[in-house]
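structure-v2.tsv follows (TSV, C-alpha atoms and all ligand atoms):
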```tsv
chain	number	residue	atom	x	y	z
A	1	MET	CA	10.79	18.03	8.71
A	2	ASP	CA	12.30	17.27	5.29
A	3	VAL	CA	10.41	14.12	4.30
A	4	GLN	CA	12.28	13.82	0.99
A	5	ALA	CA	15.63	13.70	2.80
A	6	TRP	CA	14.23	11.13	5.25
A	7	LEU	CA	12.99	9.01	2.33
A	8	ALA	CA	16.29	9.35	0.46
A	9	GLU	CA	18.03	7.72	3.43
A	10	ARG	CA	15.41	5.10	4.37
A	11	ILE	CA	14.17	3.75	1.01
A	12	PRO	CA	17.47	2.49	-0.54
A	13	PRO	CA	17.66	-0.43	1.95
A	14	VAL	CA	14.10	-1.40	0.92
A	15	ASP	CA	15.11	-1.31	-2.75
A	16	ALA	CA	18.18	-3.40	-1.90
A	17	ALA	CA	16.05	-5.95	-0.02
A	18	LEU	CA	13.59	-6.17	-2.94
A	19	GLU	CA	16.52	-6.67	-5.31
A	20	ALA	CA	18.03	-9.38	-3.11
A	21	TRP	CA	14.78	-11.31	-2.55
A	22	LEU	CA	13.40	-11.22	-6.10
A	23	PRO	CA	14.67	-14.05	-8.30
A	24	ALA	CA	17.18	-12.91	-10.94
A	25	ALA	CA	15.43	-11.89	-14.16
A	26	HIS	CA	17.53	-14.21	-16.31
A	27	ALA	CA	17.14	-17.29	-14.06
A	28	PRO	CA	14.61	-19.82	-15.39
A	29	PRO	CA	11.66	-19.49	-15.64
A	30	ALA	CA	12.92	-16.11	-16.89
A	31	SER	CA	9.54	-14.81	-18.11
A	32	LEU	CA	8.04	-15.27	-14.62
A	33	HIS	CA	10.96	-13.61	-12.88
A	34	ALA	CA	11.09	-10.69	-15.31
A	35	ALA	CA	7.33	-10.23	-14.90
A	36	MET	CA	7.68	-10.21	-11.08
A	37	ARG	CA	10.26	-7.44	-11.39
A	38	HIS	CA	8.46	-5.39	-14.05
A	39	LEU	CA	6.59	-3.05	-11.65
A	40	VAL	CA	9.08	-3.30	-8.77
A	41	PHE	CA	11.90	-1.64	-10.74
A	42	PRO	CA	11.38	1.16	-11.51
A	43	GLY	CA	9.01	1.42	-8.60
A	44	GLY	CA	6.38	3.87	-7.49
A	45	LYS	CA	6.29	6.04	-4.40
A	46	ARG	CA	7.17	3.20	-1.96
A	47	LEU	CA	4.63	4.77	0.40
A	48	ARG	CA	3.72	1.57	2.25
A	49	PRO	CA	7.33	0.61	3.01
A	50	ALA	CA	8.02	4.18	4.14
A	51	LEU	CA	5.06	4.01	6.53
A	52	ALA	CA	6.30	0.69	7.96
A	53	LEU	CA	9.77	2.14	8.61
A	54	ALA	CA	8.38	5.37	10.07
A	55	ALA	CA	6.07	3.39	12.39
A	56	ALA	CA	9.13	1.55	13.72
A	57	GLU	CA	10.74	4.89	14.54
A	58	ALA	CA	7.49	6.12	16.09
A	59	VAL	CA	7.68	3.35	18.73
A	60	GLY	CA	11.34	4.08	19.44
A	61	GLY	CA	12.96	1.42	17.27
A	62	PRO	CA	15.35	1.72	14.38
A	63	ALA	CA	13.70	1.78	10.94
A	64	SER	CA	15.82	-1.25	10.03
A	65	ALA	CA	13.78	-3.42	12.44
A	66	ALA	CA	10.79	-2.98	10.11
A	67	LEU	CA	12.63	-3.87	6.90
A	68	PRO	CA	10.98	-7.31	6.47
A	69	MET	CA	7.51	-5.70	6.81
A	70	ALA	CA	8.44	-2.82	4.49
A	71	THR	CA	9.64	-5.26	1.84
A	72	ALA	CA	6.65	-7.58	2.25
A	73	VAL	CA	4.00	-4.84	1.93
A	74	GLU	CA	5.61	-3.51	-1.24
A	75	LEU	CA	5.58	-7.02	-2.76
A	76	VAL	CA	1.89	-7.40	-1.88
A	77	HIS	CA	1.17	-3.93	-3.28
A	78	ILE	CA	2.85	-4.85	-6.59
A	79	TYR	CA	0.93	-8.15	-6.74
A	80	SER	CA	-2.34	-6.25	-6.25
A	81	LEU	CA	-1.47	-3.77	-9.01
A	82	ILE	CA	-0.62	-6.57	-11.47
A	83	HIS	CA	-3.89	-8.40	-10.78
A	84	ASP	CA	-5.94	-5.18	-10.73
A	85	ASP	CA	-4.70	-4.34	-14.25
A	86	LEU	CA	-5.75	-7.71	-15.73
A	87	PRO	CA	-8.40	-7.82	-18.48
A	88	CYS	CA	-10.81	-9.61	-16.09
A	89	MET	CA	-10.45	-6.76	-13.58
A	90	ASP	CA	-9.74	-3.12	-14.53
A	91	ASP	CA	-8.31	-4.05	-17.93
A	92	ASP	CA	-5.56	-1.43	-18.01
A	93	THR	CA	-2.76	-1.42	-20.57
A	94	LEU	CA	-0.59	1.25	-18.91
A	95	ARG	CA	0.65	1.75	-15.36
A	96	ARG	CA	3.03	4.54	-14.43
A	97	GLY	CA	3.38	5.22	-18.17
A	98	ARG	CA	4.64	1.70	-18.94
A	99	PRO	CA	2.86	-1.39	-20.33
A	100	THR	CA	1.08	-3.36	-17.61
A	101	VAL	CA	2.47	-6.81	-16.84
A	102	HIS	CA	-0.08	-8.79	-18.88
A	103	VAL	CA	0.67	-6.52	-21.88
A	104	ALA	CA	4.47	-6.71	-21.51
A	105	PHE	CA	4.32	-10.49	-20.97
A	106	ASP	CA	0.99	-12.35	-21.20
A	107	GLU	CA	-2.06	-12.86	-19.06
A	108	ALA	CA	-1.10	-16.21	-17.53
A	109	THR	CA	2.36	-14.91	-16.67
A	110	ALA	CA	0.83	-11.83	-15.03
A	111	VAL	CA	-1.51	-13.93	-12.87
A	112	LEU	CA	1.36	-16.20	-11.84
A	113	ALA	CA	3.78	-13.31	-11.21
A	114	GLY	CA	1.21	-11.79	-8.83
A	115	ASP	CA	0.78	-15.14	-7.08
A	116	ALA	CA	4.54	-15.56	-6.70
A	117	LEU	CA	4.95	-12.00	-5.34
A	118	GLN	CA	2.32	-12.66	-2.70
A	119	SER	CA	4.10	-15.86	-1.62
A	120	LEU	CA	7.45	-14.09	-1.60
A	121	ALA	CA	6.01	-11.39	0.67
A	122	PHE	CA	5.29	-13.96	3.39
A	123	GLN	CA	8.64	-15.66	2.82
A	124	VAL	CA	10.42	-12.34	3.39
A	125	LEU	CA	8.34	-11.41	6.44
A	126	LEU	CA	8.69	-14.82	8.05
A	127	SER	CA	12.46	-14.70	7.62
A	128	GLY	CA	12.59	-12.00	10.34
A	129	THR	CA	14.40	-13.13	13.48
A	130	GLU	CA	12.04	-11.90	16.24
A	131	THR	CA	9.69	-14.85	15.83
A	132	ASP	CA	6.79	-13.72	18.07
A	133	ARG	CA	6.68	-10.25	16.51
A	134	VAL	CA	7.02	-11.71	13.02
A	135	ALA	CA	4.18	-14.19	13.62
A	136	GLY	CA	1.86	-11.35	14.70
A	137	ALA	CA	2.78	-9.24	11.70
A	138	ALA	CA	2.29	-12.18	9.30
A	139	ARG	CA	-1.12	-12.99	10.79
A	140	ASP	CA	-2.18	-9.32	10.46
A	141	LEU	CA	-0.92	-9.19	6.87
A	142	ALA	CA	-2.79	-12.37	5.91
A	143	GLU	CA	-6.00	-10.95	7.36
A	144	ALA	CA	-5.54	-7.55	5.70
A	145	ILE	CA	-5.09	-8.93	2.21
A	146	GLY	CA	-7.63	-11.77	2.23
A	147	ALA	CA	-11.40	-12.04	1.94
A	148	ALA	CA	-11.97	-9.59	4.80
A	149	GLY	CA	-9.59	-7.03	3.28
A	150	LEU	CA	-7.96	-6.42	-0.10
A	151	VAL	CA	-9.61	-9.29	-2.01
A	152	GLY	CA	-13.09	-8.70	-0.54
A	153	GLY	CA	-12.81	-4.98	-1.28
A	154	GLN	CA	-11.80	-5.74	-4.84
A	155	VAL	CA	-14.81	-8.07	-5.28
A	156	ASP	CA	-17.23	-5.34	-4.17
A	157	ASP	CA	-15.38	-2.78	-6.30
A	158	LEU	CA	-15.85	-4.96	-9.39
A	159	ALA	CA	-19.61	-5.36	-8.84
A	160	PRO	CA	-21.81	-3.35	-11.23
A	161	ASN	CA	-22.03	0.28	-10.13
A	162	PRO	CA	-20.83	-0.02	-6.51
A	163	MET	CA	-21.42	3.71	-6.05
A	164	SER	CA	-25.20	3.24	-6.28
A	165	ALA	CA	-25.07	1.71	-2.77
A	166	GLY	CA	-23.92	5.07	-1.37
A	167	THR	CA	-21.11	6.69	0.56
A	168	GLU	CA	-20.80	4.12	3.38
A	169	HIS	CA	-20.47	1.27	0.90
A	170	VAL	CA	-17.77	3.10	-1.07
A	171	LEU	CA	-15.94	3.87	2.17
A	172	SER	CA	-16.13	0.18	3.09
A	173	ILE	CA	-14.57	-0.71	-0.28
A	174	HIS	CA	-11.83	1.89	0.22
A	175	ALA	CA	-11.23	0.60	3.75
A	176	ARG	CA	-10.67	-2.96	2.57
A	177	LYS	CA	-9.09	-2.40	-0.84
A	178	THR	CA	-6.68	0.38	0.10
A	179	ALA	CA	-6.64	1.24	3.81
A	180	ALA	CA	-6.18	-2.33	5.09
A	181	LEU	CA	-2.73	-2.67	3.49
A	182	ILE	CA	-1.67	0.79	4.65
A	183	ARG	CA	-2.88	0.08	8.18
A	184	VAL	CA	-1.06	-3.25	8.32
A	185	ALA	CA	2.14	-1.65	7.00
A	186	VAL	CA	2.04	0.79	9.93
A	187	VAL	CA	1.06	-1.76	12.59
A	188	GLY	CA	3.45	-4.42	11.29
A	189	GLY	CA	6.36	-2.00	11.12
A	190	ALA	CA	5.70	-0.94	14.71
A	191	ARG	CA	5.26	-4.57	15.84
A	192	LEU	CA	8.64	-5.61	14.42
A	193	ALA	CA	10.27	-2.72	16.31
A	194	GLY	CA	8.72	-3.85	19.62
A	195	GLY	CA	5.52	-1.77	19.66
A	196	GLU	CA	2.65	-3.32	21.57
A	197	GLY	CA	-0.69	-2.74	23.34
A	198	GLU	CA	-2.29	0.69	23.21
A	199	ARG	CA	0.44	2.07	20.93
A	200	LEU	CA	-0.43	-0.53	18.28
A	201	ALA	CA	-4.15	0.24	18.63
A	202	GLU	CA	-3.46	3.96	18.10
A	203	LEU	CA	-1.26	3.19	15.10
A	204	ALA	CA	-3.96	0.92	13.66
A	205	ALA	CA	-6.50	3.76	13.90
A	206	PHE	CA	-3.92	6.14	12.41
A	207	GLY	CA	-3.24	3.74	9.51
A	208	HIS	CA	-6.92	3.21	8.81
A	209	ALA	CA	-7.61	6.96	8.65
A	210	VAL	CA	-4.51	7.67	6.54
A	211	GLY	CA	-5.44	4.81	4.19
A	212	LEU	CA	-8.96	6.16	3.66
A	213	ALA	CA	-7.65	9.71	3.20
A	214	PHE	CA	-5.02	8.45	0.73
A	215	GLN	CA	-7.68	6.69	-1.37
A	216	ILE	CA	-10.03	9.70	-1.31
A	217	ALA	CA	-7.10	11.94	-2.34
A	218	ASP	CA	-6.50	9.43	-5.17
A	219	ASP	CA	-10.19	9.69	-6.16
A	220	CYS	CA	-9.70	13.48	-6.37
A	221	LEU	CA	-6.53	13.12	-8.49
A	222	ASP	CA	-8.44	10.73	-10.81
A	223	ALA	CA	-11.63	12.81	-10.80
A	224	GLN	CA	-11.87	12.71	-14.59
A	225	ASP	CA	-11.78	8.87	-14.61
A	226	GLU	CA	-15.42	7.81	-14.90
A	227	ASP	CA	-14.71	4.06	-14.60
A	228	GLY	CA	-13.42	3.71	-11.05
A	229	CYS	CA	-15.28	3.34	-7.75
A	230	SER	CA	-14.90	6.87	-6.45
A	231	LEU	CA	-16.40	9.00	-3.74
A	232	VAL	CA	-16.02	12.05	-6.00
A	233	ALA	CA	-18.90	10.80	-8.16
A	234	ILE	CA	-21.16	10.80	-5.10
A	235	GLU	CA	-20.02	13.78	-3.06
A	236	GLY	CA	-18.17	16.04	-5.51
A	237	ILE	CA	-14.52	16.99	-5.43
A	238	GLU	CA	-14.67	19.76	-2.82
A	239	ALA	CA	-16.48	17.61	-0.27
A	240	CYS	CA	-13.97	14.83	-0.92
A	241	ARG	CA	-11.00	17.15	-0.39
A	242	GLU	CA	-12.54	18.25	2.91
A	243	ARG	CA	-13.19	14.65	3.93
A	244	ALA	CA	-9.58	13.69	3.16
A	245	GLU	CA	-8.29	16.60	5.26
A	246	ALA	CA	-10.63	15.68	8.12
A	247	LEU	CA	-9.41	12.08	8.02
A	248	LEU	CA	-5.81	13.32	8.06
A	249	GLU	CA	-6.59	15.32	11.21
A	250	THR	CA	-8.25	12.24	12.77
A	251	ALA	CA	-5.14	10.23	11.95
A	252	LEU	CA	-2.74	12.79	13.39
A	253	ALA	CA	-4.81	13.05	16.58
A	254	GLN	CA	-4.30	9.31	17.15
A	255	ILE	CA	-0.53	9.75	17.42
A	256	GLU	CA	-0.55	13.14	19.12
A	257	GLY	CA	1.23	11.76	22.18
A	258	ALA	CA	3.81	9.78	20.23
A	259	GLY	CA	6.53	12.43	20.48
A	260	GLU	CA	9.37	13.48	18.22
A	261	GLY	CA	10.03	9.94	16.93
A	262	ALA	CA	6.66	10.01	15.15
A	263	GLU	CA	7.52	13.11	13.06
A	264	PRO	CA	8.38	11.07	9.92
A	265	LEU	CA	5.06	9.22	10.26
A	266	ARG	CA	3.19	12.53	10.54
A	267	ALA	CA	5.05	13.95	7.53
A	268	LEU	CA	4.29	10.84	5.45
A	269	ALA	CA	0.60	11.06	6.35
A	270	ARG	CA	0.49	14.68	5.13
A	271	PHE	CA	2.37	13.70	1.96
A	272	ALA	CA	0.01	10.76	1.28
A	273	VAL	CA	-3.04	13.01	1.43
A	274	ARG	CA	-1.71	16.23	-0.13
A	275	ARG	CA	0.42	14.72	-2.92
A	276	ASP	CA	-0.15	15.68	-6.56
A	277	ARG	CA	0.51	12.24	-8.13
A	301	LIG	C1	-6.50	-7.61	-7.41
A	301	LIG	C2	-6.55	-8.63	-5.10
A	301	LIG	C3	-6.56	-7.46	-5.96
A	301	LIG	C4	-6.67	-6.27	-5.38
A	301	LIG	C5	-6.63	-5.05	-6.12
A	301	LIG	C6	-4.99	-2.39	-4.41
A	301	LIG	C7	-5.88	-2.89	-5.49
A	301	LIG	C8	-6.82	-3.93	-5.17
A	301	LIG	C9	-5.79	-2.46	-6.74
A	301	LIG	C10	-4.79	-1.50	-7.21
A	301	LIG	C11	-5.40	-0.37	-7.98
A	301	LIG	C12	-5.85	0.73	-7.12
A	301	LIG	C13	-6.28	1.99	-7.80
A	301	LIG	C14	-5.87	0.59	-5.83
A	301	LIG	C15	-6.24	1.61	-4.89
A	301	LIG	C16	-5.05	1.94	-4.07
A	301	LIG	C17	-4.10	2.77	-4.86
A	301	LIG	C18	-4.40	4.21	-5.01
A	301	LIG	C19	-3.06	2.20	-5.38
A	301	LIG	C20	-1.95	2.94	-6.00
A	301	LIG	O1	-1.03	3.10	-4.96
A	301	LIG	P1	0.24	4.07	-5.10
A	301	LIG	O2	-0.21	5.40	-5.60
A	301	LIG	O3	1.06	3.32	-6.23
A	301	LIG	O4	0.96	4.02	-3.81
A	301	LIG	P2	2.58	3.50	-6.69
A	301	LIG	O5	2.53	3.59	-8.19
A	301	LIG	O6	3.16	4.73	-6.05
A	301	LIG	O7	3.30	2.24	-6.25
```

Starting from the file, give its structure as structure tokens.
Ligand code: GRG
Amino acid sequence: MDVQAWLAERIPPVDAALEAWLPAAHAPPASLHAAMRHLVFPGGKRLRPALALAAAEAVGGPASAALPMATAVELVHIYSLIHDDLPCMDDDTLRRGRPTVHVAFDEATAVLAGDALQSLAFQVLLSGTETDRVAGAARDLAEAIGAAGLVGGQVDDLAPNPMSAGTEHVLSIHARKTAALIRVAVVGGARLAGGEGERLAELAAFGHAVGLAFQIADDCLDAQDEDGCSLVAIEGIEACRERAEALLETALAQIEGAGEGAEPLRALARFAVRRDR
């Protein structure tokens, strides 16, 4: 299938929702609002929203049912990028070729913009009308991005030389720091479209494997970066490429029985792992 054509149709409503929910850049406090928008527009690949929408289609719903989840996961993703770039964390001055938020604004504004984006994510998600589905998705999102997920993974990533603890420890960091948000995007998107039971369990396993494969593919793309917590430094680039492909196969096997409606999800998984940026 033509994943670019699918994305060209599905992502504009996500961009429109982000635009509608984010406070206007000129409204006071303008520095906060402009900082919140800095990495949202222009955005990145919008991979997590795309996965949420595709998961909705995979369980037979319209992609539009997953729009609150798609919007929320992108807001959380942007918050995590802003905080990850801070001097007390990765200390990066450039992201996607533009100044990071603490460079374009200041450190306090960057911290607070990240905080506000995280709050806005839950506001958007909880504004969905199917209250039982929304409550499940919000609970899953909170778990995925807290101490047991994104934040805990980041803490272990920031520890001195996390790679010295070996492959399993690095995979555990990747699982929490990267795969948890990808998994919850998939599961939450499916939940909002009415997915339940075994289908959600399969999609959770799919999301976990795609998330790990995505991060290992990222490690391969950043192989020359000696600062990050990367499996490439332990296993070498060829072994990592093979591991990412094996995880992709594991992921696809989870949704083997999901039929034609899961084609966009399969195509996105391949794109996430085989991309060149
Ligand atoms: C600070 C709480 C906190 C968490 C930070 C997600 C994260 C944890 C940090 C972001 C930096 C990073 C390298 C994360 C690993 C996941 C990853 C490869 C993020 C980049 O995702 P893309 O490629 O980004 O989807 P775009 O630019 O396309 O939006």

With all atoms listed in the file counted, collect every polymer residue having an atom within 7 Å of ligand LIG 301 (chain A); state the result as a count of residues only. 18

Figure out the distance between atom CA of Glu19 of chain A and atom CA of Val111 of chain A, please, to one decimal in Å. 20.9 Å

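Nearest to Ala104 of chain A of all the residues A:Val232, A:Val210, A:Ala34, A:Cys88 is A:Ala34, counting only C-alpha atoms.
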
Taking 4 positions as the minimum chain separation for residues in the same chain, which residues sit within 10 Å of Gly188 of chain A when counting all atoms listed in the file? Answer as a ChimeraX atom specification. /A:51-53,55-56,66,68-70,73,125,133-134,136-141,182-184,192-195,200,203-204

Which is closest to Pro13 of chain A among A:Glu238, A:Pro49, A:Ala159, A:Met1, if we use only C-alpha atoms?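 Ranking A:Glu238, A:Pro49, A:Ala159, A:Met1 by distance to Pro13 of chain A, first place goes to A:Pro49.
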
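Counting from atom CA of Glu249 of chain A, the distance to atom CA of Gly61 of chain A is 24.7 Å.
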
Show me as an MDAnalysis selection string the residues that reach within 12 Å of (7.7, 11.4, 17.5), counting all atoms listed in the file and using the file's own coordinates. chainID A and resid 1 54:61 252 255:267

So, with only C-alpha atoms as the atoms that count, which of A:Arg48, A:Arg95, A:Arg191, A:His33 lies closest to Thr109 of chain A?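 Looking only at the distances to Thr109 of chain A, the closest residue turns out to be A:His33.
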
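The gap separating atom CA of Gln123 of chain A from atom CA of Ala16 of chain A is 16.2 Å, in Å to one decimal.
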
Quick one: what's the axis-aligned box for segment 242-249 of chain A, all listed atoms, 8 Å on every side, centre and edges in Å to one decimal, as JSON?
```
{"center_x": -9.5, "center_y": 15.2, "center_z": 7.1, "size_x": 23.4, "size_y": 22.2, "size_z": 24.3}
```
